[in-house]
Amino acid sequence: MSANFDAFFSEIESKLGGDAVNRSAETITRYAENTMPGGDRRPAGVVYPSSTADVQTIVRAANAHKVPLYPVSTGNNIGLGSRSASTAGQVIVDLGRNMNRILEIDDRLAYCVVEPGVTYQAMTDELTRRGGQLMLDVTSGPPQGGPLGNALDKGAGYTPYFDHFGFSCGMEVVLGNGEVLRTGDGSIDSEHLVNWHTSKYSFGPILDGLFTQSNFGIVTRMGFWLMPRPPAVQSFHFTFPDDDDLEEIIELCRPLKMSNFVPTLFRVANDLYLTASEGESKEYGSGKSLSDAGRRALREHFGLGAWNVSGAFYGPNEAAMAPMIQRVRDHFMKSGKARYIDHEQAKAIPTLQVAINAFSGTPSHGELGLLKWRPGGGNIWFTPGTPMDGKTANTFQHLCRKIYEEYGFDYTVMNVCGARFARGLHVITFNREDVDESKRADACYRAMAKAFADRGVFVGRAPLDYHDMHFGQTMPSFQQTCQSIKQALDPNGIIAPGRYGMK
Amino acid sequence: MRTDFTPAQLADPAIAEADRILQTCVHYGFCTNACPTYVLTRDENDSPRGRIDLIRAMLEPGGPPEPKTVHHLDRCLSCLSCMTTCAVKVDYAHLIDRARTHIERHFRRPRADRALRALLAAVLPRPRLFAAAMRAGRLAQPLAPLLPKRLRAMLTMIPAQATSDILEPQVFPAQGERRKRVALLAGCAQQVLNDNINAATIRLLQRHGCDVVIAPGAGCCGSLPLHMGREDEAKKFAQANVAAWSGEPFDAIIVNASGCGTTVKDYGHLLGSDGAGRIGALTRDVSELVHTLGLARATPRAYRVAYHDPCSMQHGQKVTEEPRALLRAAGFEVVDVPEKHFCCGSAGTYNLLQPDMAEALGQRKAAHIESTGPDIVATGNIGCMTQLSRYLGKPIVHTAELLDWATGGPLPPALRDLPPPSVTPPPTDQPAADAGFW
């Protein structure tokens with residue numbers, strides 16, 4: 001039986017009202033847009049649920065009429081697919097329009113419960129309004145992005161609560177058959193859910209992970225743990241002059257994280273990752289990567305290095321943190337190559353202020369400027385990782401830098417470093433209006449993905465164009481398991497078929 | 001975004017500028033969720049990138065635009081929230097002004113709309129005429145329920161106790177050692193609606209060592225006609241101001257209505273002359289100058305003040321820290337308003353021309369302000385003050401009025417009935433009781 005879109009939309013209109021459906025040409029065009037090399041994907045229409053019950057209605061109607069759905073929360077997944085569906089012809093379920101309520105904030109137990117449309121900015125505003133004693137870990141991406149969508153895509157921030165899925169607790173999910181599932185301690189069959197958002201691991205299997213980077217259900221509610229806001233945040237920054245200094249930097253960062261002496265993750269950003277947000281490429285059009293002279297000029301102009309390390313301490317006041325800053329400073333300066341930039345100096349450097357904001361749980365726009373490095377609006381993120389081993393990290397740098405250069409792009413990366421692992425956020429900005437450049441960007445991504453997979457390294461979040469390819473890189477039993485789960489929870493395959501490779 | 005203008009079209013500098021701006025938009029869409037009208041309607045044509053597309057489709061063929069295009073462009077607040085969030089920094093401010101001018105020149109609006117716009121453009125920039133119109137309007141207020149919605153909105157917006165002191169050209173000398181000699185834009189509508197803002201600004205600047213000059217020949221900044229698409233009228237006002245302020249070497253041109261400040265700072269673009277550019281570069285919001293000078297000794301008054309960022313201040317001029325820092329330095333407890341990046345719906349003449357959308361935004365903003373439990377609301381733009389006063393049962397004052405009061409000036413009239421402070425400022429070196437263990 002093929003999809004009957006008219007019957008689906010008409011059922012939604014009759015059950016949820018005319019405002020719940022939008023099939024205008026402008027809307028379809030806009031929801032089709034993304035930044036991928038593979039082109040836009042026009043949806044069949046957009047529906048706007050206002051509640052979990054509405055989502056159930058939509059999912060049941062989709063099952064009845066065999067209509068594929070594609071849920072989005074705030075739709076800010078720029079560089080990974082925006083709010084574009086896996087394939088053309090799916091119906092976007094825009095959860096963010098109406099389901100944008102902060103359902104609960106517990107000030108003493110420090111957690112919040114949100115609907116999909118709650119943004120980082122909205123949550124920060126609300127926490128500030130309540131006295132600013134708590135903060136939500138944020139990304140350095142758009143303030144209008146939101147914690148629920150980010151956590152489900154395994155996004156991360158930079159504070160001790162950086163792991164957004166890890167610091168989530170308790171979901172409400174509408175499964176592919178329209179039934180509602182509560183995860184964690186919410187799974188008890190009771191109307192009194194005491195520990196839904198305070199405990200993740202009581203009775204039974206941990207199901208929450210099934211709903212990350214998948215298409216097994218639509219998450220309509222999620223709890224997040226909040227961090228007590230420190231009275232003072234004191235950042236520290238070091239620049240290093242040479243590309244190969246990365247090896248030493250990783251070795252310097254590891255013990256500081258392993259012992260948790262430094263509470264934040266380390267942002268280890270290369271020159272372009274920080275400077276590209278402040279301007280546009282002066283060498284664009286050469287068909288080649290930015291020259292060494294061009295990179296040097298940027299570093300000198302902004303007072304930055306080939307690599308730039310940022311971290312922060314939290315404490316009651318500046319004085320209490322001074323000895324810790326001094327220890328970190330001594331630790332990095334023993335390399336003989338580091339240059340120190342203190343908190344006050346960094347506040348005057350916009351691209352380092354981005355780091356301070358991120359460490360402080362303050363959403364900001366600064367890093368988005370990266371996306372204008374080249375004209376034409378194309379960008380894709382390549383997110384492999386490296387163990388916190390200096391030699392390995394440096395080998396990966398050489399590998400990636402070479403592939404970027406081979407395809408004429410500018411190596412732009414930030415390694416976000418924990419104790420044992422660093423995620424490498426590589427951005428490929430390209431002119432999407434230039435067919436040749438789009439093809440090169442696509443080939444560049446695929447070449448890096450293959451090179452890393454050949455070395456046993458997977459990506460984290462994946463751009464929409466590459467879900468199939470990356471799924472194909474998994475072992476057969478992983479694929480079979482995922483497909484079995486999909487079949488069990490969404491037998492008609494109506495939720496985001498194709499997302500993260502699962503049909 | 002690809003465009004398709006002919007070489008002949010591109011010979012027109014205005015079209016060439018629009019073309020450059022249009023090409024920078026790559027439809028990332030960060031702007032959509034930051035746009036108040038899009039968030040209210042979820043209509044793509046009520047979003048910045050939707051409007052940018054409409055502008056392209058209007059300018060490329062030239063000539064009269066579609067009524068639908070005018071409808072959606074008229075609904076733009078020009079709040080510039082989209083510019084703050086845009087990753088590629090599309091110069092939307094100049095693009096929408098260009099579009100409004102095109103509409104004004106090529107589109108024949110319905111008769112009532114034309115008449116209303118002509119009335120606003122003629123009256124608001126001229127304080128004496130506006131004062132007379134307001135007196136007449138007050139007499140007509142009992143008839144408001146019988147009038148069409150937009151006229152009703154105009155009448156209901158007339159403050160019950162407006163005090164109008166229209167300043168003549170003169171010099172207010174600095175107190176103590178003279179540190180600066182500045183020209184103050186006395187403004188048009190503001191001094192009719194609330195003359196204490198200028199009075200407080202002048203006292204504040206005098207107290208901080210500034211000669212304050214009301215220059216002969218200066219008047220409306222041109223912002224109101226500019227945002228109605230009447231570019232030629234706006235230029236005339238701007239030229240008059242540039243001439244008035246070019247007579248002597250001022251240290252700064254001070255503006256205390258941020259909507260005007262954004263326009264005056266951009267005179268170089270509007271008039272395209274070096275002289276205008278110099279005036280633009282000299283222009284400061286009053287809070288910027290006082291912050292630079294350092295606030296004089298203040299008498300702390302422990303009121304809880306919700307600071308409302310006017311869009312023209314936060315998005316247009318990027319002045320957000322100075323007013324807060326000054327109010328804190330003056331001893332007030334300053335709280336941010338949730339969703340502060342959103343417009344209150346004032347937006348120049350917007351609340352007169354688009355009353356429904358303006359009301360929805362005004363009520364939304366008022367609810368957010370109310371949620372912070374303030375004693376006082378402070379802001380830096382008369383438009384916001386007028387708009388918020390319709391929906392909020394709290395005293396609303398200009399930042400300069402509070403700073404003037406704290407540093408020795410009289411109690412702002414809007415605070416006459418203010419009860420004693422409700423808060424005691426917490427000690428600054430200790431975390432609040434229920435926070436984490438530090």
# chains A, B, ... in the order shown; residues from 1 in each chain; ligands from 1

call {"tool": "interface_residues", "arguments": {"of": "chain B", "to": "chain A", "cutoff": "10 Å", "atoms": "only C-alpha atoms", "output": "short mmCIF file (atom, residue, chain, number, x, y, z; two decimals) with N, CA and C atoms, in the first residue's frame"}}
result
data_model
loop_
_atom_site.label_atom_id
_atom_site.label_comp_id
_atom_site.auth_asym_id
_atom_site.auth_seq_id
_atom_site.Cartn_x
_atom_site.Cartn_y
_atom_site.Cartn_z
N MET B 1 22.67 33.64 -2.04
CA MET B 1 21.48 33.54 -2.88
C MET B 1 21.81 34.11 -4.25
N ARG B 2 21.39 33.41 -5.27
CA ARG B 2 21.63 33.92 -6.62
C ARG B 2 20.59 34.99 -6.94
N GLN B 23 22.81 38.67 -2.14
CA GLN B 23 23.71 37.55 -2.46
C GLN B 23 24.37 36.95 -1.21
N THR B 24 24.41 37.72 -0.14
CA THR B 24 25.06 37.19 1.06
C THR B 24 24.17 36.19 1.81
N CYS B 25 22.86 36.26 1.58
CA CYS B 25 21.96 35.34 2.31
C CYS B 25 22.07 33.94 1.73
N VAL B 26 22.36 32.98 2.58
CA VAL B 26 22.50 31.60 2.12
C VAL B 26 21.44 30.69 2.75
N HIS B 27 20.44 31.30 3.37
CA HIS B 27 19.30 30.55 3.90
C HIS B 27 19.68 29.53 4.97
N TYR B 28 20.60 29.89 5.84
CA TYR B 28 20.86 28.99 6.97
C TYR B 28 19.61 28.84 7.82
N GLY B 29 18.95 29.98 8.06
CA GLY B 29 17.71 29.92 8.83
C GLY B 29 17.88 30.13 10.32
N PHE B 30 19.08 30.51 10.77
CA PHE B 30 19.24 30.83 12.19
C PHE B 30 18.28 31.97 12.58
N CYS B 31 18.01 32.83 11.59
CA CYS B 31 17.20 34.02 11.85
C CYS B 31 15.75 33.69 12.18
N THR B 32 15.26 32.56 11.69
CA THR B 32 13.82 32.35 11.78
C THR B 32 13.33 32.31 13.23
N ASN B 33 13.98 31.52 14.05
CA ASN B 33 13.52 31.41 15.44
C ASN B 33 13.81 32.66 16.25
N ALA B 34 14.64 33.55 15.69
CA ALA B 34 14.93 34.79 16.40
C ALA B 34 14.01 35.91 15.95
N VAL B 39 7.93 33.71 14.79
CA VAL B 39 7.57 32.88 15.95
C VAL B 39 6.07 32.97 16.23
N LEU B 40 5.50 34.13 15.98
CA LEU B 40 4.06 34.27 16.21
C LEU B 40 3.23 33.59 15.13
N THR B 41 3.66 33.70 13.87
CA THR B 41 2.79 33.20 12.79
C THR B 41 3.28 31.91 12.16
N ARG B 42 4.57 31.61 12.28
CA ARG B 42 5.19 30.45 11.62
C ARG B 42 4.94 30.48 10.11
N ASP B 43 4.73 31.65 9.58
CA ASP B 43 4.59 31.81 8.13
C ASP B 43 5.99 32.16 7.60
N GLU B 44 6.49 31.34 6.68
CA GLU B 44 7.85 31.59 6.18
C GLU B 44 7.99 33.00 5.63
N ASN B 45 6.93 33.55 5.10
CA ASN B 45 7.00 34.90 4.56
C ASN B 45 7.03 35.96 5.66
N ARG B 49 14.35 35.34 6.28
CA ARG B 49 14.79 34.80 5.00
C ARG B 49 13.65 34.72 4.01
N GLY B 50 12.43 34.55 4.50
CA GLY B 50 11.27 34.61 3.61
C GLY B 50 11.13 36.00 3.02
N ASP B 53 13.67 36.76 0.38
CA ASP B 53 13.24 36.16 -0.89
C ASP B 53 12.17 37.02 -1.56
N THR B 84 21.49 40.00 14.53
CA THR B 84 22.32 39.52 15.64
C THR B 84 22.61 38.04 15.49
N THR B 85 21.63 37.30 15.03
CA THR B 85 21.78 35.84 15.00
C THR B 85 22.36 35.34 13.68
N CYS B 86 22.36 36.16 12.65
CA CYS B 86 22.77 35.69 11.31
C CYS B 86 24.25 35.32 11.30
N ALA B 87 24.53 34.11 10.82
CA ALA B 87 25.92 33.65 10.79
C ALA B 87 26.73 34.35 9.71
N VAL B 88 26.07 34.76 8.65
CA VAL B 88 26.84 35.39 7.55
C VAL B 88 26.66 36.90 7.53
N LYS B 89 26.00 37.43 8.55
CA LYS B 89 25.87 38.87 8.73
C LYS B 89 25.23 39.56 7.53
N VAL B 335 17.82 43.23 36.80
CA VAL B 335 17.51 41.87 36.35
C VAL B 335 17.22 41.89 34.85
N ASP B 336 17.64 40.80 34.20
CA ASP B 336 17.37 40.64 32.78
C ASP B 336 15.96 40.12 32.58
N VAL B 337 15.41 40.43 31.44
CA VAL B 337 14.07 39.99 31.10
C VAL B 337 14.18 38.76 30.20
N PRO B 338 13.46 37.67 30.52
CA PRO B 338 13.50 36.53 29.60
C PRO B 338 13.11 36.94 28.19
N GLU B 339 13.70 36.22 27.24
CA GLU B 339 13.44 36.49 25.82
C GLU B 339 13.78 37.93 25.46
N LYS B 340 14.89 38.39 26.02
CA LYS B 340 15.20 39.81 25.85
C LYS B 340 15.55 40.17 24.43
N HIS B 341 15.85 39.17 23.60
CA HIS B 341 16.19 39.49 22.21
C HIS B 341 14.96 39.83 21.38
N HIS B 368 6.72 38.68 30.31
CA HIS B 368 8.10 38.34 30.66
C HIS B 368 8.66 39.32 31.70
N ILE B 369 8.38 40.58 31.50
CA ILE B 369 8.89 41.58 32.46
C ILE B 369 8.25 41.34 33.82
N SER B 371 7.23 38.71 35.05
CA SER B 371 7.71 37.48 35.69
C SER B 371 8.99 37.70 36.49
N THR B 372 9.67 38.79 36.26
CA THR B 372 10.91 39.05 37.01
C THR B 372 10.63 39.78 38.32
N GLY B 373 9.38 40.16 38.54
CA GLY B 373 9.01 40.82 39.79
C GLY B 373 9.72 42.13 40.04
N THR B 428 27.83 40.78 47.78
CA THR B 428 28.33 40.42 46.46
C THR B 428 29.42 39.35 46.50
N ASP B 429 30.05 39.14 47.66
CA ASP B 429 31.17 38.20 47.68
C ASP B 429 30.78 36.81 48.18
N GLN B 430 29.51 36.58 48.40
CA GLN B 430 29.07 35.28 48.88
C GLN B 430 28.03 34.70 47.92
N PRO B 431 28.12 33.42 47.63
CA PRO B 431 27.07 32.82 46.80
C PRO B 431 25.75 32.79 47.56
N ALA B 432 24.66 32.77 46.81
CA ALA B 432 23.35 32.72 47.44
C ALA B 432 23.21 31.42 48.24
N ALA B 433 22.33 31.45 49.21
CA ALA B 433 22.28 30.39 50.22
C ALA B 433 22.07 29.00 49.64
N ASP B 434 21.26 28.88 48.61
CA ASP B 434 20.88 27.56 48.15
C ASP B 434 21.72 27.07 46.97
N ALA B 435 22.75 27.82 46.60
CA ALA B 435 23.56 27.44 45.45
C ALA B 435 24.46 26.27 45.81
N GLY B 436 25.28 25.84 44.84
CA GLY B 436 26.18 24.73 45.10
C GLY B 436 27.21 25.08 46.15
N PHE B 437 27.99 24.09 46.51
CA PHE B 437 29.03 24.29 47.54
C PHE B 437 30.30 24.75 46.86
N TRP B 438 30.69 25.94 47.15
CA TRP B 438 31.89 26.46 46.46
C TRP B 438 32.99 26.73 47.47
#

call {"tool": "residues_around", "arguments": {"residues": "region 5-12 of chain B", "least_positions_apart": "3", "cutoff": "6 Å", "atoms": "only C-alpha atoms", "output": "list of chain:residue names"}}
result
B:Ile15, B:Ala16, B:Glu60

call {"tool": "write_last_selection", "arguments": {"atoms": "C-alpha atoms", "output": "compact mmCIF listing (two decimals), in the first residue's frame"}}
result
# COMPACT_ATOMS: atom_id res chain seq x y z
CA ILE B 15 19.77 48.19 -6.59
CA ALA B 16 23.47 47.39 -6.63
CA GLU B 60 14.32 41.90 -9.80

call {"tool": "residues_around", "arguments": {"residues": "Ala243 (chain B)", "least_positions_apart": "4", "cutoff": "8 Å", "atoms": "only C-alpha atoms", "output": "PDB file with C-alpha atoms, in the first residue's frame"}}
result
ATOM      1  CA  GLY B 217      18.422  73.618  13.174  1.00  0.00           C
ATOM      2  CA  GLN B 239      20.957  66.701   6.274  1.00  0.00           C
ATOM      3  CA  GLY B 247      29.012  74.118  13.139  1.00  0.00           C
TER       4      GLY B 247
END

call {"tool": "atom_distance", "arguments": {"atom1": "CA of Ala338 (chain A)", "atom2": "CA of Phe238 (chain A)"}}
result
5.8 Å

call {"tool": "select_by_dssp", "arguments": {"residues": "region 436-475 of chain A", "states": "helix (DSSP H, G or I)", "output": "list of chain:residue names"}}
result
A:Asp436, A:Glu437, A:Ser438, A:Lys439, A:Arg440, A:Ala441, A:Asp442, A:Ala443, A:Cys444, A:Tyr445, A:Arg446, A:Ala447, A:Met448, A:Ala449, A:Lys450, A:Ala451, A:Phe452, A:Ala453, A:Asp454, A:Leu464, A:Asp465, A:Tyr466, A:His467, A:Asp468, A:Met469, A:His470, A:Phe471

call {"tool": "residues_around", "arguments": {"residues": "Glu437 (chain A)", "least_positions_apart": "6", "cutoff": "9 Å", "atoms": "only C-alpha atoms", "output": "ChimeraX atom specification"}}
result
/A:37,287,407-408,430-431

call {"tool": "write_last_selection", "arguments": {"atoms": "N, CA and C atoms", "output": "PDB file, in the first residue's frame"}}
result
ATOM      1  N   PRO A  37      26.001  19.001   0.561  1.00  0.00           N
ATOM      2  CA  PRO A  37      26.304  19.009  -0.868  1.00  0.00           C
ATOM      3  C   PRO A  37      25.246  18.297  -1.704  1.00  0.00           C
ATOM      4  N   GLY A 287      41.091  27.922  -5.454  1.00  0.00           N
ATOM      5  CA  GLY A 287      40.931  26.483  -5.659  1.00  0.00           C
ATOM      6  C   GLY A 287      41.826  25.669  -4.747  1.00  0.00           C
ATOM      7  N   TYR A 407      41.617  18.327  -1.558  1.00  0.00           N
ATOM      8  CA  TYR A 407      40.352  18.745  -2.174  1.00  0.00           C
ATOM      9  C   TYR A 407      40.190  20.275  -2.176  1.00  0.00           C
ATOM     10  N   GLY A 408      41.216  20.979  -1.789  1.00  0.00           N
ATOM     11  CA  GLY A 408      41.184  22.445  -1.875  1.00  0.00           C
ATOM     12  C   GLY A 408      40.384  23.119  -0.786  1.00  0.00           C
ATOM     13  N   PHE A 430      31.936  25.392   2.292  1.00  0.00           N
ATOM     14  CA  PHE A 430      32.108  25.373   0.840  1.00  0.00           C
ATOM     15  C   PHE A 430      30.975  26.146   0.186  1.00  0.00           C
ATOM     16  N   ASN A 431      31.212  26.485  -1.065  1.00  0.00           N
ATOM     17  CA  ASN A 431      30.212  27.235  -1.822  1.00  0.00           C
ATOM     18  C   ASN A 431      29.219  26.251  -2.427  1.00  0.00           C
TER      19      ASN A 431
END

call {"tool": "residues_around", "arguments": {"residues": "Thr69 (chain B)", "least_positions_apart": "6", "cutoff": "10 Å", "atoms": "only C-alpha atoms", "output": "ChimeraX atom specification"}}
result
/B:45,51,53-55,57-58,75,103

call {"tool": "write_last_selection", "arguments": {"atoms": "C-alpha atoms", "output": "tab-separated table (two decimals), in the first residue's frame"}}
result
chain	number	residue	atom	x	y	z
B	45	ASN	CA	7.00	34.90	4.56
B	51	ARG	CA	11.18	38.39	3.40
B	53	ASP	CA	13.24	36.16	-0.89
B	54	LEU	CA	10.20	38.39	-1.30
B	55	ILE	CA	12.44	41.43	-1.65
B	57	ALA	CA	11.32	38.74	-6.18
B	58	MET	CA	10.08	42.33	-5.90
B	75	ARG	CA	4.81	43.19	9.14
B	103	ILE	CA	7.20	49.98	-1.97

call {"tool": "select_by_dssp", "arguments": {"residues": "region 150-324 of chain B", "states": "strand (DSSP E)", "output": "ChimeraX atom specification"}}
result
/B:170-172,180-184,210-214,252-255,283-285,304-307

call {"tool": "write_last_selection", "arguments": {"atoms": "C-alpha atoms", "output": "compact mmCIF listing (two decimals), in the first residue's frame"}}
result
# COMPACT_ATOMS: atom_id res chain seq x y z
CA GLN B 170 20.54 76.72 23.94
CA VAL B 171 23.55 75.59 25.93
CA PHE B 172 23.35 73.90 29.32
CA LYS B 180 33.13 67.35 27.19
CA ARG B 181 31.05 69.55 24.98
CA VAL B 182 28.28 67.53 23.41
CA ALA B 183 25.26 68.13 21.22
CA LEU B 184 22.05 66.49 22.38
CA CYS B 210 29.44 68.12 29.93
CA ASP B 211 28.31 71.26 28.19
CA VAL B 212 25.08 70.17 26.56
CA VAL B 213 24.16 72.00 23.39
CA ILE B 214 20.75 71.95 21.75
CA ALA B 252 30.02 63.67 20.83
CA ILE B 253 26.47 63.75 19.54
CA ILE B 254 24.30 62.33 22.29
CA VAL B 255 21.06 60.52 21.61
CA THR B 283 27.22 59.65 17.95
CA ARG B 284 26.77 57.88 21.27
CA ASP B 285 23.85 56.70 23.29
CA ARG B 304 14.71 45.85 41.64
CA VAL B 305 14.95 47.15 38.09
CA ALA B 306 14.05 45.03 35.07
CA TYR B 307 16.13 46.36 32.23

call {"tool": "residues_around", "arguments": {"residues": "region 108-123 of chain B", "least_positions_apart": "5", "cutoff": "8 Å", "atoms": "only C-alpha atoms", "output": "PyMOL selection string"}}
result
chain B and resi 129-130+133+224-225+228+349

call {"tool": "write_last_selection", "arguments": {"atoms": "N, CA and C atoms", "output": "PDB file, in the first residue's frame"}}
result
ATOM      1  N   LEU B 129       3.603  70.369  16.191  1.00  0.00           N
ATOM      2  CA  LEU B 129       2.426  69.835  15.517  1.00  0.00           C
ATOM      3  C   LEU B 129       1.930  68.583  16.250  1.00  0.00           C
ATOM      4  N   PHE B 130       2.875  67.772  16.666  1.00  0.00           N
ATOM      5  CA  PHE B 130       2.522  66.536  17.374  1.00  0.00           C
ATOM      6  C   PHE B 130       1.840  66.863  18.704  1.00  0.00           C
ATOM      7  N   ALA B 133      -1.583  67.884  17.968  1.00  0.00           N
ATOM      8  CA  ALA B 133      -2.382  66.713  17.561  1.00  0.00           C
ATOM      9  C   ALA B 133      -2.730  65.860  18.780  1.00  0.00           C
ATOM     10  N   LEU B 224      11.746  57.911  11.652  1.00  0.00           N
ATOM     11  CA  LEU B 224      10.329  57.568  11.437  1.00  0.00           C
ATOM     12  C   LEU B 224       9.990  57.552   9.945  1.00  0.00           C
ATOM     13  N   PRO B 225      10.308  58.617   9.179  1.00  0.00           N
ATOM     14  CA  PRO B 225      10.010  58.534   7.737  1.00  0.00           C
ATOM     15  C   PRO B 225      10.834  57.456   7.028  1.00  0.00           C
ATOM     16  N   MET B 228       9.286  54.215   7.138  1.00  0.00           N
ATOM     17  CA  MET B 228       8.030  54.138   6.387  1.00  0.00           C
ATOM     18  C   MET B 228       8.314  54.186   4.889  1.00  0.00           C
ATOM     19  N   THR B 349       6.688  53.387  14.250  1.00  0.00           N
ATOM     20  CA  THR B 349       5.243  53.545  14.026  1.00  0.00           C
ATOM     21  C   THR B 349       4.546  52.197  13.907  1.00  0.00           C
TER      22      THR B 349
END

call {"tool": "residues_around", "arguments": {"residues": "Pro355 (chain B)", "least_positions_apart": "5", "cutoff": "8 Å", "atoms": "only C-alpha atoms", "output": "compact mmCIF listing (two decimals) with N, CA and C atoms, in the first residue's frame"}}
result
# COMPACT_ATOMS: atom_id res chain seq x y z
N LYS B 149 -9.68 50.30 13.84
CA LYS B 149 -8.71 49.76 14.80
C LYS B 149 -7.44 50.60 14.91
N ARG B 150 -6.90 50.98 13.76
CA ARG B 150 -5.61 51.67 13.83
C ARG B 150 -5.75 53.07 14.43
N ALA B 153 -6.09 52.58 18.06
CA ALA B 153 -4.79 52.31 18.69
C ALA B 153 -4.04 53.61 18.92
N TYR B 350 5.29 51.11 14.17
CA TYR B 350 4.74 49.77 13.95
C TYR B 350 3.47 49.55 14.77

call {"tool": "closest_residue", "arguments": {"among": "A:Lys391, A:Cys400, A:Ala61, A:Ala453", "to": "Asp6 (chain A)", "atoms": "only C-alpha atoms"}}
result
A:Ala61

call {"tool": "atom_distance", "arguments": {"atom1": "CA of Arg128 (chain B)", "atom2": "CA of Cys221 (chain B)"}}
result
15.7 Å

call {"tool": "closest_atom_pairs", "arguments": {"of": "region 317-364 of chain A", "to": "region 148-163 of chain A", "cutoff": "8 Å", "atoms": "only C-alpha atoms", "output": "JSON lines"}}
result
{"residue": "A:Ala358", "atom": "CA", "partner": "A:Tyr158", "partner_atom": "CA", "distance": 6.3}
{"residue": "A:Phe359", "atom": "CA", "partner": "A:Thr159", "partner_atom": "CA", "distance": 5.5}
{"residue": "A:Ser360", "atom": "CA", "partner": "A:Thr159", "partner_atom": "CA", "distance": 7.7}
{"residue": "A:Gly361", "atom": "CA", "partner": "A:Thr159", "partner_atom": "CA", "distance": 7.6}

call {"tool": "decode", "arguments": {"residues": "region 246-289 of chain A", "atoms": "C-alpha atoms", "output": "PDB file, in the first residue's frame"}}
result
ATOM      1  CA  LEU A 246      49.192  19.257  18.966  1.00  0.00           C
ATOM      2  CA  GLU A 247      51.053  16.160  20.140  1.00  0.00           C
ATOM      3  CA  GLU A 248      52.419  17.934  23.199  1.00  0.00           C
ATOM      4  CA  ILE A 249      49.143  19.742  23.876  1.00  0.00           C
ATOM      5  CA  ILE A 250      47.216  16.471  24.092  1.00  0.00           C
ATOM      6  CA  GLU A 251      49.835  15.086  26.478  1.00  0.00           C
ATOM      7  CA  LEU A 252      49.556  18.226  28.608  1.00  0.00           C
ATOM      8  CA  CYS A 253      45.759  18.169  28.717  1.00  0.00           C
ATOM      9  CA  ARG A 254      45.319  14.482  29.533  1.00  0.00           C
ATOM     10  CA  PRO A 255      46.526  14.400  33.138  1.00  0.00           C
ATOM     11  CA  LEU A 256      44.624  17.569  33.961  1.00  0.00           C
ATOM     12  CA  LYS A 257      41.417  15.901  32.841  1.00  0.00           C
ATOM     13  CA  MET A 258      42.247  12.406  34.097  1.00  0.00           C
ATOM     14  CA  SER A 259      42.540  13.748  37.616  1.00  0.00           C
ATOM     15  CA  ASN A 260      39.673  16.156  36.972  1.00  0.00           C
ATOM     16  CA  PHE A 261      41.866  18.990  38.186  1.00  0.00           C
ATOM     17  CA  VAL A 262      40.401  21.096  35.396  1.00  0.00           C
ATOM     18  CA  PRO A 263      36.599  20.790  35.529  1.00  0.00           C
ATOM     19  CA  THR A 264      35.845  21.872  31.962  1.00  0.00           C
ATOM     20  CA  LEU A 265      36.744  20.091  28.783  1.00  0.00           C
ATOM     21  CA  PHE A 266      39.645  21.592  26.889  1.00  0.00           C
ATOM     22  CA  ARG A 267      38.900  23.378  23.656  1.00  0.00           C
ATOM     23  CA  VAL A 268      41.960  22.807  21.479  1.00  0.00           C
ATOM     24  CA  ALA A 269      41.207  24.805  18.348  1.00  0.00           C
ATOM     25  CA  ASN A 270      43.379  25.385  15.353  1.00  0.00           C
ATOM     26  CA  ASP A 271      44.031  28.827  13.947  1.00  0.00           C
ATOM     27  CA  LEU A 272      41.264  28.762  11.379  1.00  0.00           C
ATOM     28  CA  TYR A 273      38.614  27.439  13.729  1.00  0.00           C
ATOM     29  CA  LEU A 274      39.017  30.588  15.799  1.00  0.00           C
ATOM     30  CA  THR A 275      39.824  33.172  13.163  1.00  0.00           C
ATOM     31  CA  ALA A 276      37.389  32.074  10.452  1.00  0.00           C
ATOM     32  CA  SER A 277      34.505  33.266  12.604  1.00  0.00           C
ATOM     33  CA  GLU A 278      35.880  36.798  12.414  1.00  0.00           C
ATOM     34  CA  GLY A 279      36.063  37.213   8.652  1.00  0.00           C
ATOM     35  CA  GLU A 280      36.000  35.682   5.199  1.00  0.00           C
ATOM     36  CA  SER A 281      38.750  33.898   3.313  1.00  0.00           C
ATOM     37  CA  LYS A 282      40.918  36.332   1.419  1.00  0.00           C
ATOM     38  CA  GLU A 283      42.175  33.532  -0.777  1.00  0.00           C
ATOM     39  CA  TYR A 284      38.826  32.081  -1.732  1.00  0.00           C
ATOM     40  CA  GLY A 285      38.702  31.303  -5.429  1.00  0.00           C
ATOM     41  CA  SER A 286      42.261  30.026  -5.672  1.00  0.00           C
ATOM     42  CA  GLY A 287      40.931  26.483  -5.659  1.00  0.00           C
ATOM     43  CA  LYS A 288      43.543  25.663  -3.046  1.00  0.00           C
ATOM     44  CA  SER A 289      43.727  25.551   0.706  1.00  0.00           C
TER      45      SER A 289
END
